[in-house]
Amino acid sequence: MPIRTVYKAQIEYLQILDEDGKLDEKLAKDTLTDEQVLFAYEFMLLCRAYDEIAFKLQRSGRMGTYPQNKGQEAAAIGSGMAAVKGRDFLVPCYRENAALFLHGLPMEKILLHWMGDERGNQIPEGVNMTPLSIPIGTQMLHATGIAWAYKMRKEDRCVITYFGDGATSEGDFHEAMNFATVFNVPCVFFCQNNQWAISVPRESQMASETVAQKGLAYGAHCIQVDGNDLFAVYKASKEAIDRARGGGGVTLIEAITYRLADHTTADDARRYRDEEEVASWRGKDPLIRLRKYLERKGMWNDAKQAAHDEKNKLQVAEIVKNAEGIERPSVDDIFDYTFGTELPAELQRQKATMRTTSLGQDPEQAGLHADRSRA
Amino acid sequence: MPIRTVYKAQIEYLQILDEDGKLDEKLAKDTLTDEQVLFAYEFMLLCRAYDEIAFKLQRSGRMGTYPQNKGQEAAAIGSGMAAVKGRDFLVPCYRENAALFLHGLPMEKILLHWMGDERGNQIPEGVNMTPLSIPIGTQMLHATGIAWAYKMRKEDRCVITYFGDGATSEGDFHEAMNFATVFNVPCVFFCQNNQWAISVPRESQMASETVAQKGLAYGAHCIQVDGNDLFAVYKASKEAIDRARGGGGVTLIEAITYRLADHTTADDARRYRDEEEVASWRGKDPLIRLRKYLERKGMWNDAKQAAHDEKNKLQVAEIVKNAEGIERPSVDDIFDYTFGTELPAELQRQKATMRTTSLGQDPEQAGLHADRSRA
Amino acid sequence: MANLTLVQAINLALTQEMEADPRVVCLGEDVGKNGGVFRVTEGLQARFGADRVIDTPLAESGIMGTAIGLAMAGMRPIPEIQFEGFMGPAYDQLVNHAARYRTRTRGAITIPMVIRVPVGGGIHAPELHSDSPEAIYAHTPGLKVVMPSTPYDAKGLLIAAIRDPDPVLFFEPKRIYRAFREEVPEDEYTVPIGKAKVVSEGTDLTVISWGASITLCLEALDSLPEDISAELIDLRTIYPIDEDTIAQSVEKTGRCVIVHEAPKTCGMGAEIATIIQEKCFLHLEAPVQRVAGFDTVMPYYKLELDYLPDAKRIAEAIGQVMAY
Amino acid sequence: MANLTLVQAINLALTQEMEADPRVVCLGEDVGKNGGVFRVTEGLQARFGADRVIDTPLAESGIMGTAIGLAMAGMRPIPEIQFEGFMGPAYDQLVNHAARYRTRTRGAITIPMVIRVPVGGGIHAPELHSDSPEAIYAHTPGLKVVMPSTPYDAKGLLIAAIRDPDPVLFFEPKRIYRAFREEVPEDEYTVPIGKAKVVSEGTDLTVISWGASITLCLEALDSLPEDISAELIDLRTIYPIDEDTIAQSVEKTGRCVIVHEAPKTCGMGAEIATIIQEKCFLHLEAPVQRVAGFDTVMPYYKLELDYLPDAKRIAEAIGQVMAY
Ligand SMILES: Cc1ncc(C[n+]2csc(CCOP(=O)(O)OP(=O)(O)O)c2C)c(N)n1
Ligand SMILES: Cc1ncc(C[n+]2csc(CCOP(=O)(O)OP(=O)(O)O)c2C)c(N)n1
Ligand SMILES: [Mg+2]
Ligand SMILES: [Mg+2]
């Protein structure tokens, strides 16, 4: 057999709730209960409200750069719900706020982060996640390492890590997938393919037809899902997490979604993408879709929507108040978390003298010298 | 269609000349002429002789660390013959000497390199290649860049880059494949999968069944070939090169071969691999196989072999003489190739004073100060 | 002549060099259609096409490594790394290949390229968008490193860098990208790599700085008592260091303050202070002082102004050195 | 007590800490079955199993990044980077994550890990196997950097590093891996991070060095005229720098020579010389001198001994400083 096929693969795409809010009942079986769906929708509304306020905070000069999550809520929540709060661990990028909130991150933390305050990253004890990750593509290696520790200690836990389509171009993505599969650690790789990496569309980011097929390089399980479909995201994530925890292997999930807003508040997407494209995706907004579904099932109506909008407004206002109300961090913080051990002498001096001079010189010694040179 | 297949792929394995030296005539059609095969075999013999002498040079303390090429000659020559000397460009790692020699690299250069002499990397004008690359996995990006320049300038040329199975774990491999496919540059990625990366076997290096399937992540053409089969290597390389030059896309070739020797002369492979395994591969030695084939065709016999062995011994001795006969490099060389512009003042001083002191201080000035401090 | 910001001056230099030399290409994340996140490459893709102003995938090692390949093959690539914090993934290609290829091949293969990178703090950016890594690369043999502090110098240094036969790191202090304008000649000109500039002459003390801190030094100098005559040197080129200009000045003044944003320990201040004590030992009236970032991670922006040297600190240090 | 080489002392420290603390794991290329290319981890996999002494894929960023994750999750990973030249791909993870996590999260997430890396020249190795990057990491806030010069210190410093709550770069001077033996206590002990050692006392001049160069300094000191009394300081910890030991010595001697393999410009010598002129200005009788690698790429091995400081150069510098 001088020519023979040594490898075969295929990638499936999963959709359960279509754009009109119609559910594939068969596929939906054993996924989410009505209560869960309702909860998810309400949570998405809250997160959307949060997102809009964050945007406004930036626009009014009360916060720095902020990357809106708008349009990607189903991907974040669906996957987040598949992981078990307090048991599993999340390693995020910066566009899945909803998953983090779901797993217990106090909501003001994200605002604090974007307000230029490290306390936004001070994850409370018992909340299982790393903070937002700024350098693209780097966090998947941490996820792999954490999952590896679980495996070493035979803990029945799993890690899910988030990243964008652009992030899959970084070498670290490759190394993380490879380490994860070689050591078969309980880690799920969740790509939010929102079609853009700032101004670069997916087709210019990669020559492959899908992100999902990148997982074939590592012998990982690969699946593409409609990322704006709560059910599909949940189902794929749940299967991947269960498999991972059982030692059954690593999964790469490609969630097809769309970044409805600018890349960040520092960006102006009109420079590089057509309004038409954006418009076509607005109809696929996961919130609209889920509302249609719930309405059809008689679980939602305008009154409920209005009540929730009102409630969310208040809740988010409260969160903003908390974030803005926090005292300015102490300048000592610049030094005090550099090491877990006693501050080296030079750093102690820098800390002691920082308000007056950056010399880091012992003021007494400086005075002494001054005397002696005059003598 | 809520579940649908969005991607399908398969990888083929190609063998034309089997381990017994039997040729699949159909597949061999339009590959190599008898003259070419004879030439290749003779060249492989020369390279093997070179390799053994290089080993001995190290063992007798006349050369530093050396990585033997033994067993991988068919992969190097088969691919090298598919590229056009003086037109195409080679970006090697360090285990494909034969391809470099074939494309015009003076044979003493490789010895010089391992003798700790940068002149071994001083590729002559008109010889189209980069020097041996020490940091694993990094050179494929250069290959991609060079091929990109060809494309930009619309030159009808192609680049072929070599690397090991271990190298495919590095992030740079991933980025190189991605850039190459995204910009569709005329570049062929040639992996010498010799089953080991120092002490790490392929199965511990990656969880994928093949190296070839890694190319699927980029939408590249992928093929696995018997790397000890000159015909298969040539055919796959030729097709890949022709396709690349025509703008038809990037190919990842996985050549299955085996590192018959230690990783380098600094290594002792008995620490980590079984003699049995090595023995099983000895029979697959590309030289043995090709000899069988040629003998069967009446193109080779013991007398020819003896004559060539003798001739090669002399030729290699001459190469060694050239490499060892070269004058010691000037210490000025440490400085003179740092920049293409005039040496900065400090470097001029370091160069001027290097034999006496590393201060880099102007001796005159030092003297001046000494005077003044005494005054 | 036109009254330009630093961003515009760089854009002009790029435009003119691309116009003059078909080998010059720009590549990086979002440099094309979007014109760069700071709009430094604005309009270039429209003018020169997507083959010469190239949006790359999101991979810094890929950008640096393919740029090296382009340079090897006779192009004059100008890769952009979007922020200095993202040089990390490109470090290996830059340091182990770009910087070494000429000497590794004894001149057979060279890497003429300019790596453009916005650097420094003060713009209220997220983490890893505010660092100052120049000393790392000054310690890396085979690289040249420049950092302009004015639009005029930016244009002239960039043109010099593009024409230089070796890899040049071109650091752009983002804090002053649009902070002020300056008359910049329309014609092409170069500012030589390796030459510092005496910004203002003085006799009592030398202040040495570069990049965005020059503005702060000027502010500090303005605040000094009339009887202190300070000389301000803008290093402009971080490596190779213009020792002559430094030594001449400190031999005259006998006192020196060095200002930079990067952490103090092993920063450029250490090298310059050491050069001064080597070259001007008998002229020194006081220890050379450093006003620098702290030896801590650059804080998020709520505290960044507490971290960065400011005019007050600089003036304070000058006062201390003068009082010594 | 046993008479051990540096390699053996490190191996012993690893063995004892792995024995004592199940959280400690070693990972890297070829560290397992092969025992490391320098045999530093020899026997560890046989003793502790392939789950604690782990052969990783060939990917330094992967090694560093997953080690960070392991540390986050409560393990005490000891990644090995096979040679200092291959830290390049791991640079981003080390500098932008390992070094920053504690301060980034205000103490919520910390990275206790020790990165072991053979460094330095002199062993006739191929390219990128002979560099000395310590200054780069001393300039990186959030990292501690140590480099032993003796088997005793190697064991003690490594144990201290493993127990340290933060990332510690443990540089192993490969030139003296097996160059000599020393009595090393069987019991566990620590050598504190941040404390230099006065190797030999003297009154006329201070020589400061670390790693493999200490041996050369001793050689140089031996060759000095009887009437020169030199004090030799082994820095041992590169960061944080033990300024007190340095300042005390130079206040006494008034003269100083610093010796290191790394390129001179922006090397550790610059920082130490600057600290000295800051702290001992009025005591200095001569400029502090640096005997260092050149500001060139480390040459291939035919010329490496011309590049590296040797006893002769050190003695020459001492002579010059004494004659000043
Ligand atoms: C290593 C690195 N390079 C560049 C950047 C600048 N940058 C921030 S976000 C971004 C695009 C990310 O795209 P993607 O991964 O698709 O995520 P998305 O923003 O679309 O959610 C870039 C280039 C960065 N933060 N880190
Ligand atoms: C970046 C980098 N990391 C580590 C090394 C050390 N090293 C040299 S060769 C090698 C194994 C390479 O394996 P492979 O790519 O399969 O090539 P082979 O030697 O088998 O031909 C390693 C780890 C290196 N040279 N470069
Ligand atoms: Mg995206
Ligand atoms: Mg191999």
# chains A, B, ... in the order shown; residues from 1 in each chain; ligands from 1
call {"tool": "closest_atom_pairs", "arguments": {"of": "chain A", "to": "ligand 1", "cutoff": "6 Å", "atoms": "only C-alpha atoms and all ligand atoms", "output": "tab-separated table"}}
result
residue	atom	partner	partner_atom_place_in_ligand_line	distance
A:Arg95	CA	ligand 1	21 (O)	5.6
A:Ile134	CA	ligand 1	25 (N)	5.0
A:Pro135	CA	ligand 1	26 (N)	3.6
A:Ile136	CA	ligand 1	26 (N)	3.9
A:Phe163	CA	ligand 1	15 (O)	5.8
A:Gly164	CA	ligand 1	15 (O)	3.4
A:Asp165	CA	ligand 1	16 (O)	4.0
A:Gly166	CA	ligand 1	15 (O)	3.5
A:Ala167	CA	ligand 1	15 (O)	3.8
A:Asn194	CA	ligand 1	20 (O)	5.6
A:Trp196	CA	ligand 1	20 (O)	5.0
A:Ala197	CA	ligand 1	13 (O)	3.3
A:Ile198	CA	ligand 1	11 (C)	4.8
A:His263	CA	ligand 1	19 (O)	5.9
call {"tool": "write_last_selection", "arguments": {"atoms": "N, CA and C atoms", "output": "PDB file, in the first residue's frame"}}
result
ATOM      1  N   ARG A  95     -13.077  39.300  27.553  1.00  0.00           N
ATOM      2  CA  ARG A  95     -14.370  39.546  26.929  1.00  0.00           C
ATOM      3  C   ARG A  95     -15.391  38.476  27.315  1.00  0.00           C
ATOM      4  N   ILE A 134      -4.124  40.690  29.880  1.00  0.00           N
ATOM      5  CA  ILE A 134      -3.891  41.701  28.848  1.00  0.00           C
ATOM      6  C   ILE A 134      -3.042  41.199  27.685  1.00  0.00           C
ATOM      7  N   PRO A 135      -1.935  40.517  27.955  1.00  0.00           N
ATOM      8  CA  PRO A 135      -1.136  40.068  26.796  1.00  0.00           C
ATOM      9  C   PRO A 135      -1.815  38.891  26.103  1.00  0.00           C
ATOM     10  N   ILE A 136      -2.207  39.115  24.895  1.00  0.00           N
ATOM     11  CA  ILE A 136      -3.049  38.164  24.169  1.00  0.00           C
ATOM     12  C   ILE A 136      -2.384  36.796  24.031  1.00  0.00           C
ATOM     13  N   PHE A 163     -10.328  32.792  25.074  1.00  0.00           N
ATOM     14  CA  PHE A 163      -9.435  33.599  24.233  1.00  0.00           C
ATOM     15  C   PHE A 163     -10.163  33.894  22.930  1.00  0.00           C
ATOM     16  N   GLY A 164      -9.617  34.846  22.183  1.00  0.00           N
ATOM     17  CA  GLY A 164     -10.254  35.264  20.944  1.00  0.00           C
ATOM     18  C   GLY A 164      -9.715  34.546  19.727  1.00  0.00           C
ATOM     19  N   ASP A 165     -10.299  34.839  18.592  1.00  0.00           N
ATOM     20  CA  ASP A 165      -9.812  34.266  17.345  1.00  0.00           C
ATOM     21  C   ASP A 165      -8.383  34.733  17.066  1.00  0.00           C
ATOM     22  N   GLY A 166      -8.124  35.998  17.340  1.00  0.00           N
ATOM     23  CA  GLY A 166      -6.771  36.521  17.117  1.00  0.00           C
ATOM     24  C   GLY A 166      -5.740  35.807  17.964  1.00  0.00           C
ATOM     25  N   ALA A 167      -6.122  35.485  19.179  1.00  0.00           N
ATOM     26  CA  ALA A 167      -5.188  34.853  20.108  1.00  0.00           C
ATOM     27  C   ALA A 167      -4.657  33.525  19.591  1.00  0.00           C
ATOM     28  N   ASN A 194     -15.001  35.999  17.509  1.00  0.00           N
ATOM     29  CA  ASN A 194     -15.926  37.112  17.256  1.00  0.00           C
ATOM     30  C   ASN A 194     -15.610  37.798  15.927  1.00  0.00           C
ATOM     31  N   TRP A 196     -13.202  39.247  14.585  1.00  0.00           N
ATOM     32  CA  TRP A 196     -12.252  40.343  14.462  1.00  0.00           C
ATOM     33  C   TRP A 196     -11.221  40.322  15.581  1.00  0.00           C
ATOM     34  N   ALA A 197     -10.028  40.718  15.239  1.00  0.00           N
ATOM     35  CA  ALA A 197      -8.989  40.995  16.228  1.00  0.00           C
ATOM     36  C   ALA A 197      -8.611  42.453  15.965  1.00  0.00           C
ATOM     37  N   ILE A 198      -9.136  43.328  16.762  1.00  0.00           N
ATOM     38  CA  ILE A 198      -9.142  44.759  16.446  1.00  0.00           C
ATOM     39  C   ILE A 198      -9.599  44.901  14.993  1.00  0.00           C
ATOM     40  N   HIS A 263     -13.639  47.473  19.133  1.00  0.00           N
ATOM     41  CA  HIS A 263     -12.723  46.588  19.863  1.00  0.00           C
ATOM     42  C   HIS A 263     -12.641  47.002  21.330  1.00  0.00           C
TER      43      HIS A 263
END
call {"tool": "residues_around", "arguments": {"residues": "Lys214 in chain B", "least_positions_apart": "6", "cutoff": "9 Å", "atoms": "only C-alpha atoms", "output": "count of residues only"}}
result
11
call {"tool": "closest_residue", "arguments": {"among": "A:Trp281, A:Tyr272, A:Phe43, A:Tyr7", "to": "Pro201 in chain A", "atoms": "only C-alpha atoms"}}
result
A:Tyr272
call {"tool": "atom_distance", "arguments": {"atom1": "CA of Thr150 in chain C", "atom2": "CA of Phe38 in chain C"}}
result
16.7 Å
call {"tool": "residues_around", "arguments": {"residues": "Asp18 in chain B", "least_positions_apart": "5", "cutoff": "12 Å", "atoms": "only C-alpha atoms", "output": "short mmCIF file (atom, residue, chain, number, x, y, z; two decimals) with all heavy atoms, in the first residue's frame"}}
result
data_model
loop_
_atom_site.label_atom_id
_atom_site.label_comp_id
_atom_site.auth_asym_id
_atom_site.auth_seq_id
_atom_site.Cartn_x
_atom_site.Cartn_y
_atom_site.Cartn_z
N MET A 1 0.85 -1.21 0.00
CA MET A 1 0.00 0.00 0.00
C MET A 1 0.88 1.26 0.00
O MET A 1 1.11 1.84 1.05
CB MET A 1 -0.82 0.02 1.29
CG MET A 1 -2.24 -0.49 1.11
SD MET A 1 -3.20 -0.02 2.56
CE MET A 1 -2.00 -0.11 3.89
N PRO A 2 1.40 1.63 -1.12
CA PRO A 2 2.38 2.70 -1.10
C PRO A 2 1.77 4.08 -0.84
O PRO A 2 2.44 4.96 -0.36
CB PRO A 2 3.03 2.62 -2.47
CG PRO A 2 2.10 1.83 -3.33
CD PRO A 2 1.09 1.16 -2.47
N ILE A 3 0.50 4.28 -1.20
CA ILE A 3 -0.17 5.48 -0.72
C ILE A 3 -1.29 5.02 0.19
O ILE A 3 -2.15 4.25 -0.22
CB ILE A 3 -0.81 6.31 -1.86
CG1 ILE A 3 0.26 6.83 -2.81
CG2 ILE A 3 -1.57 7.49 -1.27
CD1 ILE A 3 -0.27 7.84 -3.81
N LEU B 23 10.83 -1.04 -5.93
CA LEU B 23 10.24 0.23 -6.36
C LEU B 23 8.80 0.05 -6.82
O LEU B 23 8.47 -0.90 -7.53
CB LEU B 23 11.07 0.79 -7.51
CG LEU B 23 10.88 2.26 -7.87
CD1 LEU B 23 11.48 3.15 -6.80
CD2 LEU B 23 11.50 2.56 -9.23
N ASP B 24 7.93 0.95 -6.46
CA ASP B 24 6.59 1.01 -7.04
C ASP B 24 6.71 1.82 -8.33
O ASP B 24 6.77 3.05 -8.32
CB ASP B 24 5.63 1.69 -6.06
CG ASP B 24 4.21 1.72 -6.58
OD1 ASP B 24 4.00 2.05 -7.77
OD2 ASP B 24 3.30 1.42 -5.78
N GLU B 25 6.76 1.07 -9.45
CA GLU B 25 7.10 1.72 -10.72
C GLU B 25 6.10 2.82 -11.09
O GLU B 25 6.47 3.85 -11.63
CB GLU B 25 7.15 0.68 -11.85
CG GLU B 25 8.21 -0.41 -11.66
CD GLU B 25 9.63 0.10 -11.88
OE1 GLU B 25 9.79 1.23 -12.37
OE2 GLU B 25 10.59 -0.63 -11.54
N LEU B 27 4.25 4.75 -9.19
CA LEU B 27 4.46 5.99 -8.44
C LEU B 27 5.80 6.64 -8.77
O LEU B 27 5.96 7.85 -8.65
CB LEU B 27 4.38 5.71 -6.93
CG LEU B 27 2.98 5.43 -6.38
CD1 LEU B 27 3.07 4.93 -4.94
CD2 LEU B 27 2.12 6.69 -6.46
N ALA B 28 6.75 5.81 -9.19
CA ALA B 28 8.08 6.34 -9.45
C ALA B 28 8.16 7.08 -10.78
O ALA B 28 9.11 7.81 -11.05
CB ALA B 28 9.11 5.20 -9.43
N VAL B 225 5.62 11.18 4.35
CA VAL B 225 6.35 10.31 3.43
C VAL B 225 7.34 9.45 4.20
O VAL B 225 7.74 9.80 5.32
CB VAL B 225 7.13 11.10 2.35
CG1 VAL B 225 6.20 11.97 1.54
CG2 VAL B 225 8.25 11.93 2.97
N ASP B 226 7.70 8.36 3.58
CA ASP B 226 8.80 7.56 4.11
C ASP B 226 10.07 8.36 3.87
O ASP B 226 10.53 8.50 2.73
CB ASP B 226 8.86 6.21 3.40
CG ASP B 226 9.99 5.34 3.92
OD1 ASP B 226 10.93 5.87 4.55
OD2 ASP B 226 9.93 4.11 3.71
N GLY B 227 10.64 8.88 4.92
CA GLY B 227 11.79 9.78 4.79
C GLY B 227 13.07 9.08 4.43
O GLY B 227 14.07 9.72 4.09
N ASN B 228 13.08 7.75 4.50
CA ASN B 228 14.26 7.01 4.11
C ASN B 228 14.15 6.50 2.67
O ASN B 228 14.98 5.73 2.21
CB ASN B 228 14.49 5.84 5.07
CG ASN B 228 14.94 6.33 6.43
OD1 ASN B 228 15.13 7.54 6.63
ND2 ASN B 228 15.14 5.42 7.37
N ASP B 229 13.12 6.98 2.01
CA ASP B 229 12.85 6.57 0.63
C ASP B 229 13.11 7.77 -0.26
O ASP B 229 12.34 8.74 -0.28
CB ASP B 229 11.39 6.10 0.56
CG ASP B 229 10.86 5.99 -0.87
OD1 ASP B 229 11.59 6.30 -1.83
OD2 ASP B 229 9.68 5.61 -0.99
N LEU B 230 14.20 7.73 -0.97
CA LEU B 230 14.61 8.86 -1.81
C LEU B 230 13.50 9.27 -2.78
O LEU B 230 13.25 10.47 -2.97
CB LEU B 230 15.86 8.46 -2.61
CG LEU B 230 16.40 9.53 -3.56
CD1 LEU B 230 17.10 10.63 -2.80
CD2 LEU B 230 17.35 8.91 -4.59
N PHE B 231 12.84 8.28 -3.35
CA PHE B 231 11.82 8.58 -4.37
C PHE B 231 10.62 9.31 -3.77
O PHE B 231 10.14 10.29 -4.33
CB PHE B 231 11.36 7.27 -5.04
CG PHE B 231 12.40 6.63 -5.90
CD1 PHE B 231 13.34 5.77 -5.35
CD2 PHE B 231 12.47 6.91 -7.26
CE1 PHE B 231 14.32 5.18 -6.14
CE2 PHE B 231 13.44 6.31 -8.05
CZ PHE B 231 14.37 5.44 -7.50
N ALA B 232 10.16 8.81 -2.66
CA ALA B 232 8.98 9.42 -2.04
C ALA B 232 9.30 10.84 -1.59
O ALA B 232 8.51 11.78 -1.79
CB ALA B 232 8.53 8.58 -0.84
N GLY B 283 18.03 -1.42 9.71
CA GLY B 283 17.66 -2.08 8.47
C GLY B 283 16.99 -1.14 7.48
O GLY B 283 16.97 -1.40 6.28
N LYS B 284 16.45 -0.06 8.00
CA LYS B 284 15.76 0.88 7.11
C LYS B 284 16.67 1.98 6.60
O LYS B 284 16.22 2.94 5.95
CB LYS B 284 14.58 1.50 7.86
CG LYS B 284 13.56 0.48 8.34
CD LYS B 284 12.37 1.16 8.99
CE LYS B 284 11.47 0.14 9.67
NZ LYS B 284 10.49 0.73 10.59
N ASP B 285 17.91 1.88 6.96
CA ASP B 285 18.91 2.87 6.53
C ASP B 285 18.74 3.19 5.04
O ASP B 285 18.72 2.31 4.19
CB ASP B 285 20.30 2.28 6.81
CG ASP B 285 21.43 3.27 6.53
OD1 ASP B 285 21.29 4.10 5.61
OD2 ASP B 285 22.44 3.20 7.25
N PRO B 286 18.60 4.45 4.71
CA PRO B 286 18.34 4.82 3.31
C PRO B 286 19.47 4.40 2.37
O PRO B 286 19.23 4.16 1.19
CB PRO B 286 18.19 6.34 3.37
CG PRO B 286 18.85 6.77 4.65
CD PRO B 286 18.66 5.63 5.60
N ILE B 288 21.38 1.65 2.63
CA ILE B 288 21.24 0.22 2.36
C ILE B 288 20.14 -0.01 1.33
O ILE B 288 20.29 -0.74 0.36
CB ILE B 288 20.89 -0.52 3.67
CG1 ILE B 288 22.03 -0.35 4.68
CG2 ILE B 288 20.59 -2.00 3.39
CD1 ILE B 288 21.77 -1.03 6.01
N ARG B 289 19.05 0.65 1.55
CA ARG B 289 17.89 0.47 0.69
C ARG B 289 18.21 0.87 -0.75
O ARG B 289 17.88 0.17 -1.70
CB ARG B 289 16.76 1.35 1.24
CG ARG B 289 15.45 1.08 0.60
CD ARG B 289 14.38 2.03 1.09
NE ARG B 289 14.20 2.01 2.55
CZ ARG B 289 13.14 2.56 3.16
NH1 ARG B 289 12.20 3.13 2.44
NH2 ARG B 289 13.03 2.53 4.45
N LEU B 290 18.86 1.99 -0.89
CA LEU B 290 19.14 2.48 -2.23
C LEU B 290 20.17 1.58 -2.91
O LEU B 290 20.10 1.34 -4.12
CB LEU B 290 19.65 3.92 -2.15
CG LEU B 290 19.33 4.79 -3.37
CD1 LEU B 290 17.84 4.77 -3.68
CD2 LEU B 290 19.78 6.22 -3.12
N LYS B 292 20.53 -1.61 -2.41
CA LYS B 292 19.79 -2.79 -2.85
C LYS B 292 19.11 -2.52 -4.19
O LYS B 292 19.16 -3.33 -5.12
CB LYS B 292 18.71 -3.17 -1.83
CG LYS B 292 19.21 -3.97 -0.66
CD LYS B 292 18.02 -4.43 0.20
CE LYS B 292 18.48 -4.93 1.57
NZ LYS B 292 17.41 -4.84 2.58
N TYR B 293 18.50 -1.38 -4.26
CA TYR B 293 17.78 -1.03 -5.48
C TYR B 293 18.73 -0.94 -6.67
O TYR B 293 18.49 -1.51 -7.75
CB TYR B 293 17.04 0.29 -5.28
CG TYR B 293 16.52 0.90 -6.56
CD1 TYR B 293 15.38 0.41 -7.18
CD2 TYR B 293 17.19 1.98 -7.15
CE1 TYR B 293 14.90 0.97 -8.35
CE2 TYR B 293 16.72 2.55 -8.33
CZ TYR B 293 15.57 2.04 -8.93
OH TYR B 293 15.11 2.61 -10.09
#
call {"tool": "residues_near_ligand", "arguments": {"ligand": "ligand 2", "cutoff": "9 Å", "atoms": "only C-alpha atoms and all ligand atoms", "output": "PyMOL selection string"}}
result
(chain B and resi 67+69+93-96+133-138+163-170+191-202+205+258-259+263-264) or (chain C and resi 92) or (chain D and resi 29-30+37+57-60+81-83+85-89+128-129)
call {"tool": "select_by_dssp", "arguments": {"residues": "range 50-140 of chain B", "states": "alpha helix (DSSP H)", "output": "mmCIF file with C-alpha atoms, in the first residue's frame"}}
result
data_model
loop_
_atom_site.group_PDB
_atom_site.id
_atom_site.type_symbol
_atom_site.label_atom_id
_atom_site.label_comp_id
_atom_site.auth_asym_id
_atom_site.auth_seq_id
_atom_site.Cartn_x
_atom_site.Cartn_y
_atom_site.Cartn_z
ATOM 1 C CA TYR B 50 31.816 13.111 6.041
ATOM 2 C CA ASP B 51 29.508 12.448 8.957
ATOM 3 C CA GLU B 52 31.659 9.644 10.329
ATOM 4 C CA ILE B 53 34.808 11.710 10.089
ATOM 5 C CA ALA B 54 33.112 14.636 11.789
ATOM 6 C CA PHE B 55 32.196 12.294 14.607
ATOM 7 C CA LYS B 56 35.780 11.141 14.898
ATOM 8 C CA LEU B 57 37.079 14.691 14.866
ATOM 9 C CA GLN B 58 34.967 15.413 17.897
ATOM 10 C CA ARG B 59 35.976 12.225 19.645
ATOM 11 C CA GLU B 73 20.451 11.361 4.145
ATOM 12 C CA ALA B 74 17.578 10.382 1.864
ATOM 13 C CA ALA B 75 15.366 13.055 3.393
ATOM 14 C CA ALA B 76 18.016 15.703 2.901
ATOM 15 C CA ILE B 77 19.006 14.735 -0.616
ATOM 16 C CA GLY B 78 15.571 13.880 -1.910
ATOM 17 C CA SER B 79 14.220 17.259 -0.896
ATOM 18 C CA GLY B 80 17.391 19.071 -1.883
ATOM 19 C CA MET B 81 17.233 17.619 -5.387
ATOM 20 C CA ALA B 82 13.671 18.812 -5.751
ATOM 21 C CA ASN B 97 24.096 18.702 5.573
ATOM 22 C CA ALA B 98 23.556 16.789 2.346
ATOM 23 C CA ALA B 99 20.979 19.267 1.078
ATOM 24 C CA LEU B 100 23.310 22.151 1.815
ATOM 25 C CA PHE B 101 26.272 20.549 0.084
ATOM 26 C CA LEU B 102 24.073 19.755 -2.870
ATOM 27 C CA GLU B 108 34.408 22.561 5.103
ATOM 28 C CA LYS B 109 31.902 25.198 6.202
ATOM 29 C CA ILE B 110 29.937 22.773 8.346
ATOM 30 C CA LEU B 111 33.089 21.560 10.046
ATOM 31 C CA LEU B 112 34.160 25.135 10.638
ATOM 32 C CA HIS B 113 30.822 25.861 12.237
ATOM 33 C CA TRP B 114 31.181 23.010 14.700
ATOM 34 C CA GLN B 139 14.346 29.477 11.392
ATOM 35 C CA MET B 140 10.995 28.682 9.788
#
call {"tool": "interface_residues", "arguments": {"of": "chain A", "to": "chain B", "cutoff": "6 Å", "atoms": "only C-alpha atoms", "output": "PyMOL selection string"}}
result
chain A and resi 2-15+171-172+174-175+181-182+206-208+213-214+217-219
call {"tool": "interface_residues", "arguments": {"of": "chain D", "to": "chain B", "cutoff": "9 Å", "atoms": "only C-alpha atoms", "output": "PyMOL selection string"}}
result
chain D and resi 29-30+32-34+37+55-62+85-86+89+124-128+264+285-286+289-304+306-309+312-317+320-321+323-324
